>>> print(open('protein_4.cif').read())   # mmCIF, C-alpha atoms and all ligand atoms
data_my_file
loop_
_atom_site.group_PDB
_atom_site.id
_atom_site.type_symbol
_atom_site.label_atom_id
_atom_site.label_comp_id
_atom_site.auth_asym_id
_atom_site.auth_seq_id
_atom_site.Cartn_x
_atom_site.Cartn_y
_atom_site.Cartn_z
ATOM 1 C CA MET T 1 1.927 -26.145 16.909
ATOM 2 C CA VAL T 2 0.312 -24.770 13.790
ATOM 3 C CA ALA T 3 0.826 -21.400 12.098
ATOM 4 C CA ILE T 4 -2.167 -20.107 10.137
ATOM 5 C CA GLY T 5 -1.935 -17.712 7.184
ATOM 6 C CA VAL T 6 -4.834 -16.033 5.391
ATOM 7 C CA ASP T 7 -4.633 -14.330 1.997
ATOM 8 C CA VAL T 8 -7.536 -11.902 1.562
ATOM 9 C CA GLY T 9 -8.239 -11.654 -2.163
ATOM 10 C CA GLY T 10 -10.697 -9.525 -4.124
ATOM 11 C CA THR T 11 -13.193 -12.404 -4.375
ATOM 12 C CA LYS T 12 -11.986 -15.099 -1.972
ATOM 13 C CA CYS T 13 -10.032 -15.628 1.229
ATOM 14 C CA LEU T 14 -7.609 -18.558 1.318
ATOM 15 C CA ALA T 15 -6.340 -19.893 4.654
ATOM 16 C CA VAL T 16 -3.473 -22.359 5.061
ATOM 17 C CA ALA T 17 -2.162 -24.182 8.130
ATOM 18 C CA LEU T 18 1.611 -24.688 8.185
ATOM 19 C CA ASN T 19 3.496 -27.476 9.924
ATOM 20 C CA SER T 20 6.562 -26.586 11.989
ATOM 21 C CA ASP T 21 8.725 -27.473 8.927
ATOM 22 C CA GLY T 22 6.846 -24.902 6.805
ATOM 23 C CA SER T 23 4.879 -27.410 4.712
ATOM 24 C CA VAL T 24 1.136 -26.916 4.096
ATOM 25 C CA LEU T 25 -0.952 -29.184 6.332
ATOM 26 C CA ASP T 26 -4.393 -28.129 5.126
ATOM 27 C CA SER T 27 -6.229 -25.204 3.511
ATOM 28 C CA LEU T 28 -9.684 -23.631 3.465
ATOM 29 C CA THR T 29 -11.319 -21.068 1.153
ATOM 30 C CA LEU T 30 -14.333 -18.744 1.579
ATOM 31 C CA PRO T 31 -15.763 -15.934 -0.577
ATOM 32 C CA THR T 32 -14.435 -12.594 0.726
ATOM 33 C CA ALA T 33 -16.901 -10.805 3.041
ATOM 34 C CA ALA T 34 -17.727 -7.187 2.222
ATOM 35 C CA GLY T 35 -16.134 -4.246 4.055
ATOM 36 C CA VAL T 36 -15.141 -4.523 7.695
ATOM 37 C CA GLY T 37 -16.872 -7.949 7.921
ATOM 38 C CA VAL T 38 -13.602 -9.264 6.581
ATOM 39 C CA VAL T 39 -12.088 -9.149 10.116
ATOM 40 C CA GLU T 40 -14.719 -11.559 11.493
ATOM 41 C CA GLU T 41 -14.258 -13.756 8.477
ATOM 42 C CA VAL T 42 -10.480 -14.007 8.868
ATOM 43 C CA ALA T 43 -10.904 -14.822 12.596
ATOM 44 C CA ASP T 44 -13.513 -17.513 11.764
ATOM 45 C CA LEU T 45 -11.284 -19.022 9.073
ATOM 46 C CA CYS T 46 -8.383 -19.217 11.524
ATOM 47 C CA VAL T 47 -10.492 -20.992 14.174
ATOM 48 C CA ALA T 48 -12.170 -23.342 11.649
ATOM 49 C CA LEU T 49 -8.880 -24.398 10.043
ATOM 50 C CA ALA T 50 -7.180 -24.976 13.409
ATOM 51 C CA LEU T 51 -10.138 -27.184 14.438
ATOM 52 C CA ARG T 52 -9.905 -29.084 11.173
ATOM 53 C CA VAL T 53 -6.244 -29.940 11.652
ATOM 54 C CA GLY T 54 -6.873 -30.724 15.330
ATOM 55 C CA GLN T 55 -4.221 -28.334 16.714
ATOM 56 C CA ALA T 56 -4.421 -24.925 18.371
ATOM 57 C CA ALA T 57 -3.268 -21.995 16.206
ATOM 58 C CA THR T 58 -0.136 -20.477 17.708
ATOM 59 C CA SER T 59 0.065 -17.477 15.358
ATOM 60 C CA LEU T 60 -1.854 -15.846 12.518
ATOM 61 C CA GLY T 61 -0.516 -13.947 9.512
ATOM 62 C CA VAL T 62 -2.801 -12.032 7.148
ATOM 63 C CA GLY T 63 -2.028 -10.765 3.642
ATOM 64 C CA MET T 64 -4.179 -7.809 2.580
ATOM 65 C CA PRO T 65 -4.257 -6.092 -0.815
ATOM 66 C CA GLY T 66 -3.342 -2.399 -0.578
ATOM 67 C CA THR T 67 -1.324 -0.307 1.819
ATOM 68 C CA VAL T 68 -0.693 -1.820 5.246
ATOM 69 C CA SER T 69 1.425 -0.064 7.881
ATOM 70 C CA ARG T 70 4.228 -1.787 9.794
ATOM 71 C CA ASP T 71 1.935 -2.117 12.844
ATOM 72 C CA GLY T 72 -0.806 -3.894 10.891
ATOM 73 C CA VAL T 73 -3.166 -1.004 10.163
ATOM 74 C CA VAL T 74 -4.825 -1.360 6.755
ATOM 75 C CA TYR T 75 -4.853 2.170 5.325
ATOM 76 C CA LEU T 76 -6.413 1.410 1.968
ATOM 77 C CA ALA T 77 -7.610 -1.829 0.352
ATOM 78 C CA PRO T 78 -8.608 -1.406 -3.306
ATOM 79 C CA HIS T 79 -11.226 -4.197 -3.279
ATOM 80 C CA LEU T 80 -12.696 -3.227 0.110
ATOM 81 C CA PRO T 81 -13.548 0.473 -0.230
ATOM 82 C CA GLU T 82 -15.146 0.626 3.266
ATOM 83 C CA VAL T 83 -11.826 -0.322 4.842
ATOM 84 C CA ARG T 84 -9.866 2.798 5.835
ATOM 85 C CA GLN T 85 -7.147 2.905 8.482
ATOM 86 C CA MET T 86 -8.502 -0.265 10.069
ATOM 87 C CA PRO T 87 -6.334 -1.607 12.962
ATOM 88 C CA MET T 88 -6.649 -5.180 11.689
ATOM 89 C CA ARG T 89 -3.768 -6.656 13.667
ATOM 90 C CA GLU T 90 -5.069 -5.256 16.972
ATOM 91 C CA LEU T 91 -8.659 -6.366 16.284
ATOM 92 C CA LEU T 92 -7.648 -9.917 15.372
ATOM 93 C CA SER T 93 -5.120 -10.341 18.122
ATOM 94 C CA SER T 94 -7.542 -9.260 20.869
ATOM 95 C CA GLN T 95 -10.262 -11.501 19.412
ATOM 96 C CA LEU T 96 -8.081 -14.611 19.020
ATOM 97 C CA GLY T 97 -5.588 -14.111 21.869
ATOM 98 C CA ILE T 98 -2.578 -15.119 19.712
ATOM 99 C CA PRO T 99 0.189 -13.094 17.990
ATOM 100 C CA VAL T 100 -1.046 -11.651 14.671
ATOM 101 C CA VAL T 101 0.848 -10.062 11.772
ATOM 102 C CA VAL T 102 -0.891 -8.185 8.939
ATOM 103 C CA ASP T 103 1.062 -7.250 5.818
ATOM 104 C CA ASN T 104 0.583 -6.424 2.144
ATOM 105 C CA ASP T 105 -0.441 -9.496 0.110
ATOM 106 C CA ALA T 106 2.347 -9.156 -2.486
ATOM 107 C CA THR T 107 4.905 -8.791 0.317
ATOM 108 C CA CYS T 108 3.534 -12.028 1.829
ATOM 109 C CA ALA T 109 3.793 -13.852 -1.523
ATOM 110 C CA GLY T 110 7.342 -12.534 -1.876
ATOM 111 C CA VAL T 111 8.313 -13.766 1.594
ATOM 112 C CA ALA T 112 6.983 -17.244 0.704
ATOM 113 C CA GLU T 113 9.015 -17.409 -2.535
ATOM 114 C CA TRP T 114 12.075 -16.080 -0.715
ATOM 115 C CA LYS T 115 11.891 -18.495 2.248
ATOM 116 C CA ASN T 116 10.428 -21.614 0.583
ATOM 117 C CA GLY T 117 10.267 -21.058 -3.185
ATOM 118 C CA ALA T 118 12.041 -19.710 -6.263
ATOM 119 C CA ALA T 119 14.200 -17.098 -4.458
ATOM 120 C CA ARG T 120 15.349 -19.413 -1.659
ATOM 121 C CA ASN T 121 18.864 -18.554 -0.446
ATOM 122 C CA CYS T 122 18.911 -15.226 -2.373
ATOM 123 C CA ASP T 123 19.702 -12.160 -0.278
ATOM 124 C CA ASN T 124 18.637 -9.761 -3.036
ATOM 125 C CA ALA T 125 15.488 -10.624 -4.947
ATOM 126 C CA LEU T 126 12.541 -8.996 -6.590
ATOM 127 C CA VAL T 127 9.228 -10.898 -6.489
ATOM 128 C CA ILE T 128 6.682 -9.434 -8.895
ATOM 129 C CA THR T 129 3.064 -10.603 -8.847
ATOM 130 C CA ILE T 130 1.286 -10.023 -12.146
ATOM 131 C CA GLY T 131 -2.475 -10.556 -12.057
ATOM 132 C CA THR T 132 -5.275 -8.019 -12.427
ATOM 133 C CA GLY T 133 -2.735 -5.495 -11.102
ATOM 134 C CA ILE T 134 0.953 -5.626 -10.162
ATOM 135 C CA GLY T 135 2.369 -6.257 -6.695
ATOM 136 C CA ALA T 136 6.003 -6.325 -5.647
ATOM 137 C CA ALA T 137 8.097 -7.604 -2.768
ATOM 138 C CA LEU T 138 11.608 -6.257 -2.429
ATOM 139 C CA ILE T 139 14.184 -8.414 -0.668
ATOM 140 C CA ALA T 140 17.379 -6.426 -0.067
ATOM 141 C CA ASN T 141 20.460 -7.555 1.890
ATOM 142 C CA GLY T 142 18.584 -10.547 3.300
ATOM 143 C CA LYS T 143 15.644 -8.514 4.597
ATOM 144 C CA VAL T 144 12.202 -7.515 3.346
ATOM 145 C CA MET T 145 12.342 -3.840 2.464
ATOM 146 C CA ARG T 146 9.266 -2.241 4.009
ATOM 147 C CA GLY T 147 10.019 1.487 4.021
ATOM 148 C CA HIS T 148 9.237 4.048 6.715
ATOM 149 C CA HIS T 149 5.457 3.417 6.872
ATOM 150 C CA GLY T 150 5.499 -0.126 5.498
ATOM 151 C CA PHE T 151 4.256 0.929 2.066
ATOM 152 C CA ALA T 152 7.409 0.055 0.050
ATOM 153 C CA GLY T 153 6.894 -2.126 -3.017
ATOM 154 C CA GLU T 154 3.969 -0.240 -4.572
ATOM 155 C CA SER T 155 5.897 -0.624 -7.808
ATOM 156 C CA GLY T 156 2.758 -1.081 -9.910
ATOM 157 C CA HIS T 157 2.325 2.677 -9.544
ATOM 158 C CA HIS T 158 5.711 3.664 -10.922
ATOM 159 C CA ILE T 159 5.008 6.017 -13.807
ATOM 160 C CA VAL T 160 6.215 4.534 -17.085
ATOM 161 C CA MET T 161 4.278 6.878 -19.420
ATOM 162 C CA HIS T 162 3.886 10.568 -18.674
ATOM 163 C CA GLY T 163 0.209 11.510 -19.238
ATOM 164 C CA GLY T 164 -0.636 7.880 -20.073
ATOM 165 C CA GLU T 165 -3.584 5.627 -19.165
ATOM 166 C CA VAL T 166 -5.670 6.624 -16.113
ATOM 167 C CA CYS T 167 -5.021 4.449 -13.026
ATOM 168 C CA PRO T 168 -7.486 3.850 -10.126
ATOM 169 C CA CYS T 169 -4.816 5.415 -7.850
ATOM 170 C CA GLY T 170 -5.748 8.753 -9.449
ATOM 171 C CA ARG T 171 -2.640 9.243 -11.571
ATOM 172 C CA ARG T 172 -1.793 8.507 -15.188
ATOM 173 C CA GLY T 173 0.714 6.198 -16.818
ATOM 174 C CA CYS T 174 1.284 3.751 -13.924
ATOM 175 C CA TRP T 175 3.239 0.558 -14.776
ATOM 176 C CA GLU T 176 0.272 -1.681 -13.936
ATOM 177 C CA GLN T 177 -1.777 0.080 -16.616
ATOM 178 C CA TYR T 178 0.692 -1.375 -19.174
ATOM 179 C CA ALA T 179 2.036 -4.565 -17.651
ATOM 180 C CA SER T 180 -0.836 -6.289 -15.744
ATOM 181 C CA GLY T 181 -3.427 -8.856 -16.842
ATOM 182 C CA SER T 182 -5.957 -6.079 -17.518
ATOM 183 C CA ALA T 183 -3.367 -4.265 -19.659
ATOM 184 C CA LEU T 184 -2.719 -7.396 -21.732
ATOM 185 C CA ARG T 185 -6.471 -7.790 -22.303
ATOM 186 C CA ARG T 186 -6.652 -4.193 -23.527
ATOM 187 C CA LEU T 187 -3.648 -4.686 -25.804
ATOM 188 C CA ALA T 188 -5.320 -7.822 -27.209
ATOM 189 C CA ASN T 189 -8.660 -6.031 -27.863
ATOM 190 C CA GLY T 190 -10.523 -7.920 -25.129
ATOM 191 C CA VAL T 191 -8.943 -11.360 -25.592
ATOM 192 C CA SER T 192 -7.889 -12.797 -22.211
ATOM 193 C CA GLY T 193 -4.245 -13.250 -21.229
ATOM 194 C CA GLU T 194 -4.840 -16.976 -20.860
ATOM 195 C CA GLU T 195 -6.084 -17.200 -24.457
ATOM 196 C CA ILE T 196 -3.160 -15.134 -25.778
ATOM 197 C CA LEU T 197 -0.666 -17.456 -24.028
ATOM 198 C CA LEU T 198 -2.429 -20.463 -25.563
ATOM 199 C CA ARG T 199 -2.333 -18.923 -29.050
ATOM 200 C CA VAL T 200 1.375 -18.129 -28.642
ATOM 201 C CA VAL T 201 2.063 -21.810 -27.925
ATOM 202 C CA GLN T 202 0.088 -22.616 -31.121
ATOM 203 C CA GLU T 203 2.487 -20.265 -32.968
ATOM 204 C CA ASP T 204 -0.160 -17.639 -33.821
ATOM 205 C CA THR T 205 2.023 -14.733 -35.067
ATOM 206 C CA GLU T 206 -0.449 -11.973 -34.063
ATOM 207 C CA ALA T 207 -0.613 -13.341 -30.498
ATOM 208 C CA GLN T 208 3.205 -13.504 -30.439
ATOM 209 C CA ARG T 209 3.400 -9.851 -31.524
ATOM 210 C CA ILE T 210 0.962 -8.822 -28.781
ATOM 211 C CA LEU T 211 2.831 -10.794 -26.102
ATOM 212 C CA GLU T 212 6.146 -9.360 -27.279
ATOM 213 C CA GLU T 213 4.788 -5.810 -26.894
ATOM 214 C CA PHE T 214 3.315 -6.650 -23.496
ATOM 215 C CA ALA T 215 6.593 -8.257 -22.336
ATOM 216 C CA SER T 216 8.520 -5.120 -23.308
ATOM 217 C CA TRP T 217 6.276 -3.102 -20.929
ATOM 218 C CA VAL T 218 6.876 -5.645 -18.155
ATOM 219 C CA ALA T 219 10.626 -5.474 -18.840
ATOM 220 C CA LEU T 220 10.619 -1.659 -18.807
ATOM 221 C CA GLY T 221 9.368 -1.585 -15.206
ATOM 222 C CA LEU T 222 11.693 -4.419 -14.217
ATOM 223 C CA PHE T 223 14.665 -2.566 -15.704
ATOM 224 C CA ASN T 224 13.859 0.474 -13.541
ATOM 225 C CA LEU T 225 13.693 -1.773 -10.467
ATOM 226 C CA VAL T 226 16.932 -3.553 -11.399
ATOM 227 C CA ASN T 227 18.658 -0.168 -11.513
ATOM 228 C CA THR T 228 17.334 0.633 -8.041
ATOM 229 C CA LEU T 229 17.850 -2.700 -6.319
ATOM 230 C CA ASP T 230 20.413 -4.773 -8.244
ATOM 231 C CA PRO T 231 18.682 -8.118 -7.541
ATOM 232 C CA GLN T 232 20.275 -11.522 -8.099
ATOM 233 C CA VAL T 233 16.943 -12.965 -9.205
ATOM 234 C CA ILE T 234 13.556 -11.705 -10.409
ATOM 235 C CA VAL T 235 10.663 -14.036 -9.579
ATOM 236 C CA LEU T 236 7.508 -13.628 -11.664
ATOM 237 C CA GLY T 237 4.345 -14.861 -9.924
ATOM 238 C CA GLY T 238 0.589 -14.320 -9.851
ATOM 239 C CA GLY T 239 -2.150 -15.572 -12.168
ATOM 240 C CA LEU T 240 -0.511 -14.307 -15.363
ATOM 241 C CA GLY T 241 3.067 -13.872 -14.148
ATOM 242 C CA SER T 242 3.591 -17.561 -13.302
ATOM 243 C CA SER T 243 3.361 -18.545 -16.977
ATOM 244 C CA ALA T 244 6.553 -20.126 -18.352
ATOM 245 C CA VAL T 245 5.734 -18.661 -21.787
ATOM 246 C CA LEU T 246 5.508 -15.137 -20.374
ATOM 247 C CA ARG T 247 8.750 -15.645 -18.434
ATOM 248 C CA HIS T 248 10.522 -16.504 -21.674
ATOM 249 C CA PHE T 249 9.221 -13.359 -23.437
ATOM 250 C CA VAL T 250 10.008 -11.114 -20.438
ATOM 251 C CA ALA T 251 13.562 -12.470 -20.045
ATOM 252 C CA ASP T 252 14.087 -11.857 -23.756
ATOM 253 C CA ALA T 253 12.714 -8.286 -23.569
ATOM 254 C CA LEU T 254 14.798 -7.508 -20.476
ATOM 255 C CA GLY T 255 17.874 -8.823 -22.298
ATOM 256 C CA LYS T 256 17.195 -6.362 -25.148
ATOM 257 C CA GLN T 257 16.771 -3.415 -22.746
ATOM 258 C CA MET T 258 19.755 -4.513 -20.686
ATOM 259 C CA PRO T 259 22.175 -6.248 -23.073
ATOM 260 C CA PRO T 260 24.083 -9.033 -21.279
ATOM 261 C CA SER T 261 27.545 -7.830 -20.362
ATOM 262 C CA GLU T 262 30.247 -9.170 -18.091
ATOM 263 C CA LEU T 263 30.473 -5.638 -16.712
ATOM 264 C CA ARG T 264 26.777 -5.724 -15.770
ATOM 265 C CA PRO T 265 25.493 -9.312 -15.445
ATOM 266 C CA PRO T 266 21.684 -9.368 -15.787
ATOM 267 C CA PRO T 267 19.539 -10.924 -13.030
ATOM 268 C CA LEU T 268 17.979 -14.332 -13.559
ATOM 269 C CA VAL T 269 14.265 -14.222 -14.416
ATOM 270 C CA VAL T 270 12.392 -17.242 -13.025
ATOM 271 C CA THR T 271 8.774 -18.255 -12.404
ATOM 272 C CA ALA T 272 7.292 -18.533 -8.909
ATOM 273 C CA GLN T 273 7.071 -22.002 -7.386
ATOM 274 C CA LEU T 274 4.306 -21.799 -4.801
ATOM 275 C CA GLY T 275 1.306 -21.019 -7.017
ATOM 276 C CA HIS T 276 -1.905 -19.468 -5.685
ATOM 277 C CA GLU T 277 -1.094 -20.386 -2.061
ATOM 278 C CA ALA T 278 2.055 -18.182 -1.961
ATOM 279 C CA GLY T 279 0.320 -15.204 -0.269
ATOM 280 C CA ALA T 280 -1.240 -17.326 2.489
ATOM 281 C CA ILE T 281 1.992 -19.305 3.048
ATOM 282 C CA GLY T 282 4.042 -16.090 3.310
ATOM 283 C CA ALA T 283 1.518 -14.586 5.747
ATOM 284 C CA ALA T 284 1.763 -17.710 7.925
ATOM 285 C CA LEU T 285 5.591 -17.567 7.822
ATOM 286 C CA LEU T 286 5.564 -13.900 8.917
ATOM 287 C CA GLY T 287 3.193 -14.761 11.802
ATOM 288 C CA LYS T 288 5.414 -17.681 12.805
ATOM 289 C CA GLU T 289 8.502 -15.436 12.908
ATOM 290 C CA VAL T 290 6.972 -13.377 15.722
ATOM 291 C CA ILE T 291 6.853 -16.342 18.113
ATOM 292 C CA GLU T 292 10.240 -17.815 17.167
HETATM 293 ZN ZN ZN D 1 -1.495 3.969 -10.215
#
>>> encode(input="protein_4.cif", output="structure tokens")
Amino acid sequence: MVAIGVDVGGTKCLAVALNSDGSVLDSLTLPTAAGVGVVEEVADLCVALALRVGQAATSLGVGMPGTVSRDGVVYLAPHLPEVRQMPMRELLSSQLGIPVVVDNDATCAGVAEWKNGAARNCDNALVITIGTGIGAALIANGKVMRGHHGFAGESGHHIVMHGGEVCPCGRRGCWEQYASGSALRRLANGVSGEEILLRVVQEDTEAQRILEEFASWVALGLFNLVNTLDPQVIVLGGGLGSSAVLRHFVADALGKQMPPSELRPPPLVVTAQLGHEAGAIGAALLGKEVIE
């Protein structure tokens, strides 16, 4: 029995096959196909990976960027503009003849960290993915909070600056315009986040100042979420978010905005443990749940 999970990214699709104990058996990556061709691609990846591990796929989970309804309809995917209200779960399940789950990619990454990673055994956790944009998974009372449509966790579009920077969502001042990888690059006048983190380790004071300012924006959004959800732990993941250096700066900034007090103990801030495979692993775990 093998559960397959596919994480559809802006440039590549990563598929993983999970053993019955939840460990990764094998993985496969392909460049992301344009538009609705992505459905065929995900189906092909599932079949190819199952063949490679020599076992039939018993379920498929798919993580998609953007808004995905609770019944697996992809309403809007920022990197696939042709995809609009596409019934991805139905299309894949009739093509493959196995149970299929389709969910938001950040939700999938959050599920992976919650079940098998940094938020294991936590009933209330916030998993924030910081890369080009910001994604969030909200774990509340031992369940993934999905909301009425399934669109909960679009926290990157919380407004943190009235009339601020323009966001691709059409509004101004969204959190991800101040606290994502692209925001750090803008703050650093075009220098990449990776380079800034390196310079901070080399004790470059200008890079430290920039990262401190950036971390205070990250902490501002986290503070709002802490007030809403009261998590035990905040997991920072994603390309930029998984950095131990950034975690240190963010925990420090959150401590300043939310001074430690025995009357209001602050949540732990930790880095994600499952790396770039988190989204695909979480998707596979969600697919597996359906048949258990
Ligand atoms: Zn926005």
>>> closest_atom_pairs(input="protein_4.cif", of="chain T", to="ligand ZN 1 (chain D)", cutoff="9 Å", atoms="only C-alpha atoms and all ligand atoms", output="CSV")
residue,atom,partner,partner_atom,distance
T:Glu154,CA,D:ZN1,ZN,8.9
T:Gly156,CA,D:ZN1,ZN,6.6
T:His157,CA,D:ZN1,ZN,4.1
T:His158,CA,D:ZN1,ZN,7.2
T:Ile159,CA,D:ZN1,ZN,7.7
T:Val166,CA,D:ZN1,ZN,7.7
T:Cys167,CA,D:ZN1,ZN,4.5
T:Pro168,CA,D:ZN1,ZN,6.0
T:Cys169,CA,D:ZN1,ZN,4.3
T:Gly170,CA,D:ZN1,ZN,6.4
T:Arg171,CA,D:ZN1,ZN,5.6
T:Arg172,CA,D:ZN1,ZN,6.7
T:Gly173,CA,D:ZN1,ZN,7.3
T:Cys174,CA,D:ZN1,ZN,4.6
T:Trp175,CA,D:ZN1,ZN,7.4
T:Glu176,CA,D:ZN1,ZN,7.0
T:Gln177,CA,D:ZN1,ZN,7.5
>>> residues_around(input="protein_4.cif", residues="Asn116 in chain T", least_positions_apart="3", cutoff="9 Å", atoms="only C-alpha atoms", output="ChimeraX atom specification")
/T:22,111-113,119-120,273-274,282
>>> write_last_selection(input="protein_4.cif", atoms="C-alpha atoms", output="mmCIF file, in the coordinates of the input")
data_model
loop_
_atom_site.group_PDB
_atom_site.id
_atom_site.type_symbol
_atom_site.label_atom_id
_atom_site.label_comp_id
_atom_site.auth_asym_id
_atom_site.auth_seq_id
_atom_site.Cartn_x
_atom_site.Cartn_y
_atom_site.Cartn_z
ATOM 1 C CA GLY T 22 6.846 -24.902 6.805
ATOM 2 C CA VAL T 111 8.313 -13.766 1.594
ATOM 3 C CA ALA T 112 6.983 -17.244 0.704
ATOM 4 C CA GLU T 113 9.015 -17.409 -2.535
ATOM 5 C CA ALA T 119 14.200 -17.098 -4.458
ATOM 6 C CA ARG T 120 15.349 -19.413 -1.659
ATOM 7 C CA GLN T 273 7.071 -22.002 -7.386
ATOM 8 C CA LEU T 274 4.306 -21.799 -4.801
ATOM 9 C CA GLY T 282 4.042 -16.090 3.310
#
>>> atom_distance(input="protein_4.cif", atom1="CA of Arg186 in chain T", atom2="CA of Gly255 in chain T")
25.0 Å
>>> atom_distance(input="protein_4.cif", atom1="CA of Gln85 in chain T", atom2="CA of Val101 in chain T")
15.6 Å
>>> resolve_selection(input="protein_4.cif", expression="the PyMOL selection byres (((chain T and resi 48) around 12) and not hetatm)", output="list in words")
Ile4, Ala15, Val16, Ala17, Asp26, Ser27, Leu28, Thr29, Leu30, Glu41, Val42, Ala43, Asp44, Leu45, Cys46, Val47, Leu49, Ala50, Leu51, Arg52, Val53, Gly54, Gln55, Ala56 and Ala57 of chain T
>>> atom_distance(input="protein_4.cif", atom1="CA of Ala137 in chain T", atom2="CA of Asp105 in chain T")
9.2 Å
>>> closest_residue(input="protein_4.cif", among="T:Gly287, T:Gly221, T:Gly131, T:Pro87", to="Ser192 in chain T", atoms="all atoms listed in the file")
T:Gly131
>>> closest_residue(input="protein_4.cif", among="T:Val290, T:Ile130, T:Ile234, T:Ala284", to="Pro266 in chain T", atoms="only C-alpha atoms")
T:Ile234
>>> residues_near_point(input="protein_4.cif", point="(23.0, -11.3, -3.2)", cutoff="7 Å", atoms="only C-alpha atoms", output="list of chain:residue names")
T:Cys122, T:Asp123, T:Asn124, T:Asn141, T:Pro231, T:Gln232
>>> resolve_selection(input="protein_4.cif", expression="the PyMOL selection byres (((chain T and resi 208-210) around 9) and not hetatm)", output="JSON, numbers by chain")
{"T": [184, 187, 188, 196, 197, 199, 200, 201, 203, 204, 205, 206, 207, 211, 212, 213, 214, 215]}
>>> resolve_selection(input="protein_4.cif", expression="the PyMOL selection byres (((chain T and resi 126) around 12) and not hetatm)", output="PyMOL selection string")
chain T and resi 106-107+109-111+113-114+118-120+122-125+127-129+135-145+153+155+221-237+267-272
>>> residues_around(input="protein_4.cif", residues="range 64-68 of chain T", least_positions_apart="6", cutoff="10 Å", atoms="all atoms listed in the file", output="PyMOL selection string")
chain T and resi 6-10+13+74-80+84-88+102-108+135+149-154+279-280+283
>>> build_atoms(input="protein_4.cif", residues="range 17-29 of chain T", atoms="N, CA and C atoms", output="PDB file, in the frame of the given file")
ATOM      1  N   ALA T  17      -2.781 -23.835   6.846  1.00  0.00           N
ATOM      2  CA  ALA T  17      -2.162 -24.182   8.130  1.00  0.00           C
ATOM      3  C   ALA T  17      -0.793 -24.764   7.809  1.00  0.00           C
ATOM      4  N   LEU T  18       0.244 -24.214   8.442  1.00  0.00           N
ATOM      5  CA  LEU T  18       1.611 -24.688   8.185  1.00  0.00           C
ATOM      6  C   LEU T  18       2.119 -25.548   9.330  1.00  0.00           C
ATOM      7  N   ASN T  19       2.773 -26.640   8.971  1.00  0.00           N
ATOM      8  CA  ASN T  19       3.496 -27.476   9.924  1.00  0.00           C
ATOM      9  C   ASN T  19       4.717 -26.735  10.440  1.00  0.00           C
ATOM     10  N   SER T  20       5.370 -27.264  11.474  1.00  0.00           N
ATOM     11  CA  SER T  20       6.562 -26.586  11.989  1.00  0.00           C
ATOM     12  C   SER T  20       7.696 -26.563  10.961  1.00  0.00           C
ATOM     13  N   ASP T  21       7.685 -27.493   9.968  1.00  0.00           N
ATOM     14  CA  ASP T  21       8.725 -27.473   8.927  1.00  0.00           C
ATOM     15  C   ASP T  21       8.360 -26.561   7.752  1.00  0.00           C
ATOM     16  N   GLY T  22       7.225 -25.865   7.850  1.00  0.00           N
ATOM     17  CA  GLY T  22       6.846 -24.902   6.805  1.00  0.00           C
ATOM     18  C   GLY T  22       6.008 -25.503   5.681  1.00  0.00           C
ATOM     19  N   SER T  23       5.707 -26.808   5.766  1.00  0.00           N
ATOM     20  CA  SER T  23       4.879 -27.410   4.712  1.00  0.00           C
ATOM     21  C   SER T  23       3.389 -27.174   5.006  1.00  0.00           C
ATOM     22  N   VAL T  24       2.574 -27.177   3.930  1.00  0.00           N
ATOM     23  CA  VAL T  24       1.136 -26.916   4.096  1.00  0.00           C
ATOM     24  C   VAL T  24       0.439 -28.189   4.566  1.00  0.00           C
ATOM     25  N   LEU T  25      -0.253 -28.062   5.712  1.00  0.00           N
ATOM     26  CA  LEU T  25      -0.952 -29.184   6.332  1.00  0.00           C
ATOM     27  C   LEU T  25      -2.365 -29.301   5.773  1.00  0.00           C
ATOM     28  N   ASP T  26      -3.005 -28.143   5.611  1.00  0.00           N
ATOM     29  CA  ASP T  26      -4.393 -28.129   5.126  1.00  0.00           C
ATOM     30  C   ASP T  26      -4.733 -26.700   4.690  1.00  0.00           C
ATOM     31  N   SER T  27      -5.815 -26.553   3.919  1.00  0.00           N
ATOM     32  CA  SER T  27      -6.229 -25.204   3.511  1.00  0.00           C
ATOM     33  C   SER T  27      -7.751 -25.111   3.451  1.00  0.00           C
ATOM     34  N   LEU T  28      -8.238 -23.890   3.419  1.00  0.00           N
ATOM     35  CA  LEU T  28      -9.684 -23.631   3.465  1.00  0.00           C
ATOM     36  C   LEU T  28      -9.940 -22.323   2.716  1.00  0.00           C
ATOM     37  N   THR T  29     -11.026 -22.286   1.917  1.00  0.00           N
ATOM     38  CA  THR T  29     -11.319 -21.068   1.153  1.00  0.00           C
ATOM     39  C   THR T  29     -12.760 -20.623   1.382  1.00  0.00           C
TER      40      THR T  29
END
